[in-house]
file start_19.txt (compact mmCIF, C-alpha atoms)
# COMPACT_ATOMS: atom_id res chain seq x y z
CA MET A 27 -12.19 -22.76 -43.41
CA THR A 28 -15.03 -20.54 -44.52
CA LEU A 29 -17.84 -22.43 -42.83
CA LYS A 30 -19.43 -20.01 -40.36
CA ILE A 31 -22.27 -21.60 -38.45
CA ARG A 32 -24.65 -19.35 -36.55
CA LYS A 33 -26.91 -22.04 -35.26
CA ILE A 34 -27.59 -25.78 -35.30
CA ALA A 35 -30.99 -27.34 -34.61
CA VAL A 36 -31.86 -31.02 -34.36
CA ASN A 37 -35.42 -32.39 -34.29
CA VAL A 38 -36.59 -35.95 -33.64
CA GLU A 39 -40.15 -37.16 -34.27
CA GLU A 40 -41.48 -40.44 -32.91
CA THR A 41 -44.85 -41.90 -33.92
CA HIS A 42 -46.41 -44.10 -31.26
CA ARG A 43 -49.97 -44.39 -32.62
CA GLU A 44 -51.72 -43.67 -35.88
CA MET A 45 -55.38 -44.20 -36.80
CA GLY A 46 -55.98 -45.83 -33.45
CA ARG A 47 -53.27 -48.43 -34.01
CA GLU A 48 -50.19 -48.84 -31.91
CA ILE A 49 -46.97 -48.47 -33.90
CA ALA A 50 -44.47 -50.99 -32.60
CA PRO A 51 -41.64 -50.44 -32.92
CA VAL A 52 -42.15 -46.69 -32.88
CA THR A 53 -41.16 -45.03 -36.18
CA ARG A 54 -38.56 -42.32 -35.83
CA LYS A 55 -37.14 -39.55 -38.00
CA ALA A 56 -34.45 -36.98 -37.28
CA VAL A 57 -33.54 -33.79 -39.08
CA ALA A 58 -30.44 -31.70 -38.35
CA VAL A 59 -30.16 -28.15 -39.61
CA ALA A 60 -27.23 -25.74 -39.83
CA VAL A 61 -27.66 -22.02 -40.42
CA ILE A 62 -24.55 -20.63 -42.08
CA GLU A 63 -23.34 -17.36 -43.51
CA ASN A 64 -23.62 -17.25 -47.30
CA PRO A 65 -20.13 -16.19 -48.43
CA PHE A 66 -21.52 -15.11 -51.81
CA ALA A 67 -24.60 -13.19 -50.71
CA GLY A 68 -25.29 -10.10 -52.76
CA ARG A 69 -22.89 -10.78 -55.65
CA TYR A 70 -22.44 -13.11 -58.58
CA GLN A 71 -19.67 -15.63 -58.00
CA GLU A 72 -18.71 -17.93 -60.87
CA ASP A 73 -16.66 -20.49 -58.95
CA LEU A 74 -18.67 -22.15 -56.18
CA THR A 75 -15.93 -24.47 -54.88
CA VAL A 76 -16.09 -22.90 -51.44
CA LEU A 77 -19.74 -23.90 -51.08
CA MET A 78 -19.02 -27.41 -52.34
CA ASP A 79 -16.40 -27.83 -49.61
CA ILE A 80 -18.85 -26.51 -47.04
CA GLY A 81 -21.25 -29.21 -48.24
CA ALA A 82 -18.68 -31.89 -47.48
CA GLU A 83 -18.24 -30.62 -43.91
CA LEU A 84 -21.97 -30.44 -43.35
CA GLY A 85 -22.54 -33.96 -44.68
CA THR A 86 -20.45 -35.30 -41.81
CA LEU A 87 -21.67 -32.88 -39.15
CA LEU A 88 -25.40 -33.08 -39.84
CA GLY A 89 -25.43 -36.79 -40.66
CA ARG A 90 -23.73 -37.51 -37.35
CA LYS A 91 -26.10 -35.23 -35.43
CA CYS A 92 -29.08 -37.17 -36.79
CA VAL A 93 -27.64 -40.59 -35.98
CA GLU A 94 -26.73 -39.42 -32.47
CA ALA A 95 -30.18 -37.91 -31.92
CA LEU A 96 -31.82 -41.19 -32.91
CA GLY A 97 -29.48 -43.08 -30.57
CA ILE A 98 -28.74 -45.67 -33.25
CA THR A 99 -25.66 -47.21 -34.80
CA PRO A 100 -24.92 -46.03 -38.36
CA SER A 101 -25.99 -49.40 -39.78
CA GLN A 102 -29.48 -48.99 -38.27
CA ALA A 103 -30.22 -45.94 -40.41
CA GLN A 104 -32.76 -46.75 -43.12
CA SER A 105 -33.52 -43.63 -45.12
CA TYR A 106 -32.12 -40.17 -45.74
CA GLY A 107 -32.66 -36.84 -47.46
CA LYS A 108 -31.12 -33.37 -47.79
CA SER A 109 -32.40 -29.87 -48.47
CA ALA A 110 -31.34 -26.25 -48.43
CA MET A 111 -33.10 -22.90 -48.23
CA VAL A 112 -31.19 -19.81 -49.37
CA GLY A 113 -31.87 -16.37 -47.91
CA GLU A 114 -32.95 -13.61 -50.26
CA ASN A 115 -29.50 -12.17 -51.01
CA GLY A 116 -28.31 -15.53 -52.32
CA GLU A 117 -29.05 -17.68 -55.33
CA LEU A 118 -30.63 -21.11 -55.82
CA GLU A 119 -27.36 -22.28 -57.34
CA HIS A 120 -25.71 -21.78 -53.94
CA ALA A 121 -27.99 -24.50 -52.54
CA ALA A 122 -27.07 -26.78 -55.42
CA ALA A 123 -23.36 -26.25 -54.79
CA ILE A 124 -23.70 -27.23 -51.13
CA LEU A 125 -26.00 -30.19 -51.66
CA HIS A 126 -24.93 -32.01 -54.79
CA PRO A 127 -21.19 -32.27 -55.46
CA LYS A 128 -19.77 -33.25 -52.07
CA LEU A 129 -22.34 -33.58 -49.27
CA GLY A 130 -23.46 -37.13 -50.06
CA ALA A 131 -20.20 -39.06 -49.67
CA PRO A 132 -19.48 -38.04 -46.05
CA LEU A 133 -23.16 -38.45 -45.19
CA ARG A 134 -22.98 -42.05 -46.40
CA VAL A 135 -20.04 -42.66 -44.06
CA GLU A 136 -22.25 -41.59 -41.14
CA VAL A 137 -25.10 -43.95 -42.07
CA GLU A 138 -23.05 -46.81 -43.62
CA LYS A 139 -23.58 -48.03 -47.18
CA GLY A 140 -26.06 -45.75 -48.94
CA ALA A 141 -26.07 -46.93 -52.54
CA ALA A 142 -29.21 -44.92 -53.28
CA LEU A 143 -29.34 -41.33 -54.44
CA VAL A 144 -29.97 -38.94 -51.55
CA ALA A 145 -33.38 -37.37 -52.17
CA SER A 146 -33.19 -33.57 -52.13
CA SER A 147 -35.07 -30.30 -52.38
CA LYS A 148 -34.07 -26.66 -52.45
CA LYS A 149 -35.67 -23.26 -52.44
CA MET A 150 -35.17 -19.58 -51.80
CA GLY A 151 -36.74 -18.44 -48.56
CA SER A 152 -36.83 -16.21 -45.53
CA PRO A 153 -36.94 -16.59 -41.74
CA GLY A 154 -39.72 -18.91 -40.65
CA GLN A 155 -40.41 -20.50 -44.02
CA VAL A 156 -40.99 -24.22 -44.19
CA LEU A 157 -38.45 -26.55 -45.75
CA ASP A 158 -39.78 -29.99 -46.65
CA VAL A 159 -36.96 -32.52 -46.70
CA PRO A 160 -37.76 -35.57 -48.84
CA LEU A 161 -36.83 -39.02 -47.55
CA GLY A 162 -35.95 -42.16 -49.48
CA HIS A 163 -34.41 -45.52 -48.58
CA LYS A 164 -30.64 -45.21 -48.38
CA ASP A 165 -29.72 -48.49 -50.08
CA ALA A 166 -32.54 -49.09 -52.55
CA ALA A 167 -34.52 -46.15 -53.90
CA TYR A 168 -37.50 -48.33 -54.84
CA VAL A 169 -38.37 -49.33 -51.28
CA ARG A 170 -41.86 -47.88 -51.26
CA SER A 171 -42.50 -47.92 -47.51
CA HIS A 172 -39.71 -45.41 -47.00
CA PHE A 173 -40.85 -42.65 -49.36
CA ASP A 174 -41.59 -39.90 -46.87
CA GLY A 175 -40.53 -36.44 -45.80
CA ILE A 176 -40.01 -34.28 -42.76
CA GLU A 177 -40.79 -30.63 -42.35
CA VAL A 178 -38.40 -28.25 -40.68
CA ARG A 179 -38.49 -24.54 -40.03
CA LEU A 180 -36.72 -22.05 -37.82
CA ASN A 181 -38.40 -18.79 -36.91
CA ASP A 182 -35.15 -16.82 -37.23
CA ALA A 183 -33.57 -18.35 -40.33
CA PRO A 184 -32.49 -18.02 -43.04
CA ARG A 185 -31.73 -14.32 -42.79
CA ALA A 186 -31.00 -12.54 -46.10
CA ASN A 187 -27.28 -13.39 -46.04
CA GLU A 188 -27.67 -16.95 -44.75
CA ILE A 189 -28.28 -20.47 -46.00
CA MET A 190 -30.10 -23.13 -44.00
CA ILE A 191 -29.02 -26.71 -44.76
CA ALA A 192 -30.94 -29.76 -43.53
CA VAL A 193 -30.08 -33.45 -43.46
CA ALA A 194 -32.69 -36.00 -42.42
CA VAL A 195 -32.13 -39.61 -41.32
CA THR A 196 -34.62 -42.24 -40.11
CA ASP A 197 -34.47 -45.70 -38.59
CA SER A 198 -37.81 -46.70 -40.11
CA GLY A 199 -40.38 -46.13 -42.85
CA ARG A 200 -43.90 -44.69 -42.66
CA PRO A 201 -45.95 -45.76 -39.62
CA LEU A 202 -48.50 -47.94 -41.44
CA PRO A 203 -47.10 -48.77 -44.91
CA ARG A 204 -49.48 -50.75 -47.12
CA VAL A 205 -49.11 -49.62 -50.69
CA GLY A 206 -46.91 -52.54 -51.70
CA GLY A 207 -43.74 -52.29 -53.78
CA LEU A 208 -40.26 -53.38 -52.81
CA ALA A 209 -39.99 -54.11 -49.07
CA HIS A 210 -37.12 -53.03 -46.83
CA ALA A 211 -36.40 -56.66 -46.03
CA ASP A 212 -36.05 -57.54 -49.72
CA ALA A 213 -33.72 -54.72 -50.70
CA VAL A 214 -30.44 -55.90 -52.24
CA GLY A 215 -28.71 -52.54 -51.91
CA LYS A 216 -26.14 -52.93 -54.69
CA ASP A 217 -27.30 -50.70 -57.53
CA GLY A 218 -29.03 -48.12 -55.35
CA LEU A 219 -32.41 -48.88 -56.87
CA LYS A 220 -33.57 -52.38 -55.87
CA MET B 23 -59.88 -40.67 -15.05
CA PRO B 24 -59.05 -41.60 -18.68
CA GLU B 25 -55.72 -43.09 -19.67
CA VAL B 26 -53.17 -41.01 -21.55
CA VAL B 27 -53.18 -42.05 -25.23
CA LEU B 28 -49.94 -40.94 -26.86
CA ARG B 29 -49.77 -40.58 -30.66
CA LYS B 30 -46.44 -38.92 -31.10
CA THR B 31 -43.44 -37.43 -29.32
CA ALA B 32 -41.01 -34.93 -30.81
CA PHE B 33 -37.82 -33.41 -29.49
CA SER B 34 -35.88 -30.38 -30.73
CA ILE B 35 -32.54 -28.97 -29.71
CA GLU B 36 -30.89 -25.75 -30.83
CA GLU B 37 -27.30 -24.60 -30.32
CA ILE B 38 -26.70 -20.90 -30.87
CA PHE B 39 -23.11 -19.98 -31.70
CA HIS B 40 -23.63 -16.28 -32.40
CA GLU B 41 -26.18 -13.82 -33.65
CA GLY B 42 -24.03 -11.36 -35.53
CA GLY B 43 -21.68 -10.69 -32.59
CA PRO B 44 -18.70 -12.59 -31.19
CA VAL B 45 -18.89 -16.38 -31.40
CA SER B 46 -19.72 -17.79 -27.97
CA SER B 47 -17.14 -20.00 -26.25
CA ASN B 48 -20.02 -21.80 -24.54
CA PRO B 49 -22.90 -21.72 -27.02
CA PRO B 50 -26.29 -21.63 -25.29
CA ARG B 51 -28.64 -24.49 -26.09
CA ARG B 52 -32.39 -24.86 -25.81
CA ALA B 53 -34.45 -27.99 -26.13
CA ALA B 54 -38.17 -28.68 -26.44
CA ALA B 55 -40.17 -31.85 -25.87
CA ILE B 56 -43.66 -32.24 -27.32
CA ALA B 57 -46.16 -35.01 -26.66
CA ILE B 58 -49.25 -35.34 -28.84
CA ILE B 59 -52.00 -36.97 -26.82
CA GLU B 60 -55.69 -37.57 -27.23
CA ASN B 61 -57.81 -34.94 -25.47
CA PRO B 62 -60.14 -37.09 -23.37
CA PHE B 63 -62.59 -34.17 -23.02
CA ALA B 64 -62.74 -33.17 -26.70
CA GLY B 65 -66.13 -32.37 -28.20
CA ARG B 66 -68.15 -31.80 -25.02
CA TYR B 67 -68.27 -29.76 -21.84
CA GLU B 68 -67.01 -31.71 -18.89
CA ALA B 69 -67.25 -30.07 -15.49
CA ASP B 70 -64.87 -32.26 -13.56
CA ILE B 71 -61.51 -32.52 -15.28
CA GLN B 72 -58.92 -32.19 -12.52
CA GLY B 73 -58.23 -35.90 -12.13
CA PHE B 74 -56.46 -35.90 -15.49
CA MET B 75 -53.63 -33.85 -13.97
CA GLU B 76 -52.53 -36.84 -11.99
CA ASP B 77 -52.74 -39.06 -15.06
CA LEU B 78 -50.34 -36.73 -16.83
CA GLN B 79 -47.63 -36.92 -14.16
CA PRO B 80 -45.70 -39.88 -15.65
CA LEU B 81 -45.70 -38.23 -19.08
CA GLY B 82 -44.43 -34.99 -17.56
CA LEU B 83 -41.58 -36.81 -15.90
CA LYS B 84 -40.75 -38.70 -19.09
CA LEU B 85 -40.50 -35.51 -21.15
CA ALA B 86 -38.53 -33.65 -18.49
CA THR B 87 -36.09 -36.54 -18.12
CA ARG B 88 -35.51 -36.65 -21.85
CA LEU B 89 -34.81 -32.90 -21.95
CA VAL B 90 -32.29 -33.17 -19.13
CA GLU B 91 -30.55 -36.00 -21.02
CA MET B 92 -30.52 -34.03 -24.27
CA LEU B 93 -28.90 -31.05 -22.59
CA GLY B 94 -26.25 -33.04 -20.75
CA GLY B 95 -27.55 -33.27 -17.20
CA ALA B 96 -29.56 -31.35 -14.62
CA ASP B 97 -26.59 -29.17 -13.64
CA GLN B 98 -26.58 -27.70 -17.17
CA ILE B 99 -30.14 -26.36 -17.02
CA GLU B 100 -30.65 -22.66 -16.21
CA GLY B 101 -33.98 -21.83 -17.83
CA TYR B 102 -37.36 -23.44 -18.38
CA GLY B 103 -40.88 -22.98 -19.71
CA LYS B 104 -43.98 -24.90 -20.68
CA GLY B 105 -46.93 -24.66 -23.02
CA VAL B 106 -49.94 -26.38 -24.55
CA LEU B 107 -51.66 -26.33 -27.92
CA ILE B 108 -55.25 -27.55 -27.69
CA GLY B 109 -56.89 -28.93 -30.84
CA GLU B 110 -60.10 -27.24 -32.00
CA ALA B 111 -62.50 -29.72 -30.42
CA GLY B 112 -61.06 -28.87 -27.03
CA GLU B 113 -61.10 -25.93 -24.70
CA LEU B 114 -58.43 -23.62 -23.28
CA GLU B 115 -59.21 -24.97 -19.82
CA HIS B 116 -58.07 -28.44 -20.88
CA GLY B 117 -54.61 -27.00 -21.54
CA ALA B 118 -54.50 -25.64 -18.01
CA LEU B 119 -54.32 -29.24 -16.77
CA TRP B 120 -50.67 -29.31 -17.88
CA HIS B 121 -49.52 -26.60 -15.43
CA ALA B 122 -49.02 -28.85 -12.43
CA PRO B 123 -47.75 -32.11 -13.99
CA GLY B 124 -45.52 -30.34 -16.53
CA GLY B 125 -44.05 -27.78 -14.16
CA TYR B 126 -43.50 -29.99 -11.14
CA ALA B 127 -41.88 -32.71 -13.28
CA MET B 128 -39.16 -30.27 -14.32
CA ARG B 129 -38.71 -28.85 -10.83
CA GLU B 130 -38.43 -32.34 -9.42
CA LEU B 131 -35.38 -33.00 -11.60
CA LEU B 132 -33.69 -29.60 -11.22
CA ALA B 133 -32.04 -28.46 -7.99
CA ASP B 134 -32.59 -24.83 -6.97
CA SER B 135 -35.63 -24.32 -9.15
CA SER B 136 -37.67 -21.96 -6.98
CA ALA B 137 -39.00 -19.85 -9.83
CA ILE B 138 -42.44 -20.30 -11.28
CA VAL B 139 -42.35 -21.99 -14.69
CA PRO B 140 -43.54 -19.46 -17.28
CA SER B 141 -46.19 -20.75 -19.62
CA THR B 142 -48.49 -20.09 -22.51
CA LYS B 143 -51.34 -21.94 -24.13
CA LYS B 144 -53.83 -21.58 -26.94
CA VAL B 145 -56.38 -23.40 -29.04
CA GLY B 146 -54.99 -24.03 -32.49
CA GLY B 147 -55.28 -26.06 -35.66
CA VAL B 148 -52.95 -28.61 -37.17
CA GLY B 149 -49.59 -26.90 -37.80
CA ALA B 150 -50.13 -24.21 -35.18
CA ARG B 151 -46.94 -22.86 -33.61
CA LEU B 152 -46.46 -21.86 -30.01
CA ASP B 153 -43.87 -19.42 -28.68
CA VAL B 154 -42.98 -20.96 -25.35
CA PRO B 155 -41.54 -18.46 -22.85
CA ILE B 156 -38.36 -19.28 -20.94
CA THR B 157 -37.11 -17.73 -17.68
CA HIS B 158 -34.43 -18.55 -15.12
CA ILE B 159 -35.23 -21.63 -13.01
CA ASN B 160 -34.37 -20.03 -9.69
CA ALA B 161 -35.16 -16.33 -10.02
CA SER B 162 -37.73 -15.01 -12.45
CA TYR B 163 -36.16 -11.53 -12.64
CA VAL B 164 -32.87 -12.67 -14.18
CA ARG B 165 -33.04 -10.59 -17.35
CA SER B 166 -30.34 -12.38 -19.32
CA HIS B 167 -32.38 -15.58 -19.32
CA PHE B 168 -35.66 -14.17 -20.65
CA ASP B 169 -36.02 -16.10 -23.88
CA SER B 170 -38.46 -18.24 -25.82
CA MET B 171 -38.55 -21.14 -28.23
CA GLU B 172 -40.98 -21.63 -31.09
CA VAL B 173 -42.36 -25.14 -31.36
CA GLY B 174 -44.96 -26.96 -33.43
CA LEU B 175 -45.55 -29.90 -35.73
CA ASN B 176 -47.08 -29.94 -39.19
CA ASP B 177 -49.49 -32.77 -38.29
CA ALA B 178 -50.68 -31.75 -34.82
CA PRO B 179 -52.71 -31.00 -32.83
CA ARG B 180 -55.64 -32.65 -34.57
CA ALA B 181 -59.08 -31.52 -33.41
CA ASN B 182 -59.30 -34.06 -30.60
CA GLU B 183 -55.68 -33.80 -29.48
CA MET B 184 -53.44 -31.68 -27.26
CA ALA B 185 -49.74 -30.93 -27.73
CA LEU B 186 -48.08 -30.80 -24.32
CA ILE B 187 -44.77 -28.98 -24.34
CA LEU B 188 -41.79 -28.55 -22.01
CA VAL B 189 -38.73 -26.42 -22.77
CA MET B 190 -35.35 -26.06 -21.06
CA SER B 191 -32.31 -23.88 -21.79
CA THR B 192 -28.67 -23.96 -20.68
CA GLY B 193 -28.00 -20.27 -20.31
CA ALA B 194 -28.47 -16.64 -21.17
CA ARG B 195 -29.23 -15.17 -24.60
CA VAL B 196 -26.09 -15.43 -26.71
CA HIS B 197 -25.31 -11.70 -26.76
CA ASN B 198 -27.23 -10.66 -23.63
CA ARG B 199 -26.42 -7.09 -22.62
CA ALA B 200 -29.70 -5.58 -21.49
CA GLY B 201 -28.75 -5.37 -17.82
CA GLY B 202 -31.09 -6.20 -14.93
CA LEU B 203 -30.58 -8.85 -12.27
CA ALA B 204 -27.59 -11.05 -13.18
CA ALA B 205 -27.57 -14.80 -12.61
CA GLN B 206 -24.58 -14.57 -10.23
CA ASP B 207 -26.47 -12.11 -7.99
CA ILE B 208 -29.46 -14.34 -7.33
CA VAL B 209 -30.56 -14.60 -3.71
CA GLY B 210 -32.68 -17.63 -4.52
CA LYS B 211 -35.21 -17.57 -1.71
CA ASP B 212 -38.46 -16.32 -3.17
CA GLY B 213 -38.15 -17.54 -6.77
CA LEU B 214 -38.10 -13.97 -8.00
CA ARG B 215 -34.67 -12.47 -7.16
call {"tool": "encode", "arguments": {"input": "start_19.txt", "output": "structure tokens"}}
result
Amino acid sequence: MTLKIRKIAVNVEETHREMGREIAPVTRKAVAVAVIENPFAGRYQEDLTVLMDIGAELGTLLGRKCVEALGITPSQAQSYGKSAMVGENGELEHAAAILHPKLGAPLRVEVEKGAALVASSKKMGSPGQVLDVPLGHKDAAYVRSHFDGIEVRLNDAPRANEIMIAVAVTDSGRPLPRVGGLAHADAVGKDGLK
Amino acid sequence: MPEVVLRKTAFSIEEIFHEGGPVSSNPPRRAAAIAIIENPFAGRYEADIQGFMEDLQPLGLKLATRLVEMLGGADQIEGYGKGVLIGEAGELEHGALWHAPGGYAMRELLADSSAIVPSTKKVGGVGARLDVPITHINASYVRSHFDSMEVGLNDAPRANEMALILVMSTGARVHNRAGGLAAQDIVGKDGLR
């Protein structure tokens, strides 16, 4: 296989208090990041199948890392997101090839169900740049309390010939949601929207 | 002394497989734990602050315990470090309160940890990053284990907060080859060699 990982990083954030209020249960988000060699750095490649297959592998690997880091069962996952940042010798399309065709299906296996679109973002970047990974409810995209995001950055990645891929998973929504909309408890989870 | 008011905790782990050289058969890992707490002395000069060190002891132990768990047990840990980011309404001296509770919490959990825990601290705004130094837990001169880990959160430390940080690592830099005292040659008496 052509997946060459230089580094994996996993971050967990837990919010215990906000605006003087105790958050109980604590809200928690995880993001797992892989830094890989870009097999097509520095040249135009028409067929991006190799990157699509890499995406499938990373969907499993990074989804599982997040669930493990949160210490939850797959069914306790509530929202997810995915992002990629491509080093300067690559192309934005490389991020698209990793993220969109094949990463979602194996990620959904790791979090169970997952009728909703996986929210995503992508950019070109350099070592130390910030990647903001969007988050949305995994079964019903309209669940308003779960629209969120998590920032990730690594001081040493992505180098020019690398791609940094991030998958985020939570077991909760925002700490103090109160802007209405569809509630987590009322989500049907069949059509991915409601 | 004031109680410890915790807003947020965050934990990071990194596994390094290679850095352009041969892929490691035992990839080194580093982990960081961050606690965002209210700075009880923010916004004023307080002469007597030392009592807060004792209040921070349980938090130190909690963070150190979590790091040991994340890295697979105390016998896996070979390096450590600590640091503090103090929000802008605080003072560098407030960060110095973390030296004892942070450092001794780690050394309590790790056997053969005679070496001083390297540290750094600074006053910073929300989103500030800190490069936390790492050295060998039993002998500060072990050159292969000199390392660091960058940590920080986009939403902390707020003006009246402090970010208290502990870091542990499982081994040497992935392609270490700069010589010096080797880990297997440690005497382990004075914390230095």
call {"tool": "atom_distance", "arguments": {"input": "start_19.txt", "atom1": "atom CA of A:Ile80", "atom2": "atom CA of A:Lys149"}}
result
18.0 Å
call {"tool": "closest_atom_pairs", "arguments": {"input": "start_19.txt", "of": "chain B", "to": "chain A", "cutoff": "8 Å", "atoms": "all atoms listed in the file", "output": "JSON lines"}}
result
{"residue": "B:Leu28", "atom": "CA", "partner": "A:His42", "partner_atom": "CA", "distance": 6.5}
{"residue": "B:Arg29", "atom": "CA", "partner": "A:Arg43", "partner_atom": "CA", "distance": 4.3}
{"residue": "B:Lys30", "atom": "CA", "partner": "A:Thr41", "partner_atom": "CA", "distance": 4.4}
{"residue": "B:Thr31", "atom": "CA", "partner": "A:Glu40", "partner_atom": "CA", "distance": 5.1}
{"residue": "B:Ala32", "atom": "CA", "partner": "A:Glu39", "partner_atom": "CA", "distance": 4.2}
{"residue": "B:Phe33", "atom": "CA", "partner": "A:Val38", "partner_atom": "CA", "distance": 5.0}
{"residue": "B:Ser34", "atom": "CA", "partner": "A:Asn37", "partner_atom": "CA", "distance": 4.1}
{"residue": "B:Ile35", "atom": "CA", "partner": "A:Val36", "partner_atom": "CA", "distance": 5.1}
{"residue": "B:Glu36", "atom": "CA", "partner": "A:Ala35", "partner_atom": "CA", "distance": 4.1}
{"residue": "B:Glu37", "atom": "CA", "partner": "A:Ile34", "partner_atom": "CA", "distance": 5.1}
{"residue": "B:Ile38", "atom": "CA", "partner": "A:Lys33", "partner_atom": "CA", "distance": 4.5}
{"residue": "B:Phe39", "atom": "CA", "partner": "A:Arg32", "partner_atom": "CA", "distance": 5.1}
{"residue": "B:His40", "atom": "CA", "partner": "A:Arg32", "partner_atom": "CA", "distance": 5.3}
{"residue": "B:Glu41", "atom": "CA", "partner": "A:Arg32", "partner_atom": "CA", "distance": 6.4}
{"residue": "B:Glu172", "atom": "CA", "partner": "A:Asn181", "partner_atom": "CA", "distance": 7.0}
{"residue": "B:Asn176", "atom": "CA", "partner": "A:Glu177", "partner_atom": "CA", "distance": 7.1}
call {"tool": "residues_around", "arguments": {"input": "start_19.txt", "residues": "B:Phe63", "least_positions_apart": "5", "cutoff": "10 Å", "atoms": "all atoms listed in the file", "output": "PyMOL selection string"}}
result
chain B and resi 24+68-71+74+111-113+116+182-183
call {"tool": "residues_near_point", "arguments": {"input": "start_19.txt", "point": "(-49.0, -20.1, -31.3)", "cutoff": "10 Å", "atoms": "only C-alpha atoms", "output": "PDB file with C-alpha atoms, keeping the file's coordinate frame"}}
result
ATOM      1  CA  GLY B 105     -46.930 -24.660 -23.020  1.00  0.00           C
ATOM      2  CA  VAL B 106     -49.940 -26.380 -24.550  1.00  0.00           C
ATOM      3  CA  LEU B 107     -51.660 -26.330 -27.920  1.00  0.00           C
ATOM      4  CA  THR B 142     -48.490 -20.090 -22.510  1.00  0.00           C
ATOM      5  CA  LYS B 143     -51.340 -21.940 -24.130  1.00  0.00           C
ATOM      6  CA  LYS B 144     -53.830 -21.580 -26.940  1.00  0.00           C
ATOM      7  CA  VAL B 145     -56.380 -23.400 -29.040  1.00  0.00           C
ATOM      8  CA  GLY B 146     -54.990 -24.030 -32.490  1.00  0.00           C
ATOM      9  CA  GLY B 147     -55.280 -26.060 -35.660  1.00  0.00           C
ATOM     10  CA  GLY B 149     -49.590 -26.900 -37.800  1.00  0.00           C
ATOM     11  CA  ALA B 150     -50.130 -24.210 -35.180  1.00  0.00           C
ATOM     12  CA  ARG B 151     -46.940 -22.860 -33.610  1.00  0.00           C
ATOM     13  CA  LEU B 152     -46.460 -21.860 -30.010  1.00  0.00           C
ATOM     14  CA  ASP B 153     -43.870 -19.420 -28.680  1.00  0.00           C
ATOM     15  CA  VAL B 154     -42.980 -20.960 -25.350  1.00  0.00           C
ATOM     16  CA  GLU B 172     -40.980 -21.630 -31.090  1.00  0.00           C
ATOM     17  CA  VAL B 173     -42.360 -25.140 -31.360  1.00  0.00           C
ATOM     18  CA  GLY B 174     -44.960 -26.960 -33.430  1.00  0.00           C
TER      19      GLY B 174
END
call {"tool": "residues_around", "arguments": {"input": "start_19.txt", "residues": "A:Arg170", "least_positions_apart": "5", "cutoff": "10 Å", "atoms": "all atoms listed in the file", "output": "ChimeraX atom specification"}}
result
/A:162-163,199-200,203-210
call {"tool": "atom_distance", "arguments": {"input": "start_19.txt", "atom1": "atom CA of B:Leu203", "atom2": "atom CA of B:Ala161"}}
result
9.1 Å
call {"tool": "residues_around", "arguments": {"input": "start_19.txt", "residues": "A:Arg134", "least_positions_apart": "2", "cutoff": "10 Å", "atoms": "all atoms listed in the file", "output": "list in words"}}
result
Gly85, Thr86, Gly89, Pro100, Tyr106, Leu129, Gly130, Ala131, Pro132, Glu136, Val137, Glu138, Lys139, Gly140, Ala141, Ala142, Val144 and Lys164 of chain A
call {"tool": "write_last_selection", "arguments": {"input": "start_19.txt", "atoms": "C-alpha atoms", "output": "mmCIF file, in the coordinates of the input"}}
result
data_model
loop_
_atom_site.group_PDB
_atom_site.id
_atom_site.type_symbol
_atom_site.label_atom_id
_atom_site.label_comp_id
_atom_site.auth_asym_id
_atom_site.auth_seq_id
_atom_site.Cartn_x
_atom_site.Cartn_y
_atom_site.Cartn_z
ATOM 1 C CA GLY A 85 -22.540 -33.960 -44.680
ATOM 2 C CA THR A 86 -20.450 -35.300 -41.810
ATOM 3 C CA GLY A 89 -25.430 -36.790 -40.660
ATOM 4 C CA PRO A 100 -24.920 -46.030 -38.360
ATOM 5 C CA TYR A 106 -32.120 -40.170 -45.740
ATOM 6 C CA LEU A 129 -22.340 -33.580 -49.270
ATOM 7 C CA GLY A 130 -23.460 -37.130 -50.060
ATOM 8 C CA ALA A 131 -20.200 -39.060 -49.670
ATOM 9 C CA PRO A 132 -19.480 -38.040 -46.050
ATOM 10 C CA GLU A 136 -22.250 -41.590 -41.140
ATOM 11 C CA VAL A 137 -25.100 -43.950 -42.070
ATOM 12 C CA GLU A 138 -23.050 -46.810 -43.620
ATOM 13 C CA LYS A 139 -23.580 -48.030 -47.180
ATOM 14 C CA GLY A 140 -26.060 -45.750 -48.940
ATOM 15 C CA ALA A 141 -26.070 -46.930 -52.540
ATOM 16 C CA ALA A 142 -29.210 -44.920 -53.280
ATOM 17 C CA VAL A 144 -29.970 -38.940 -51.550
ATOM 18 C CA LYS A 164 -30.640 -45.210 -48.380
#
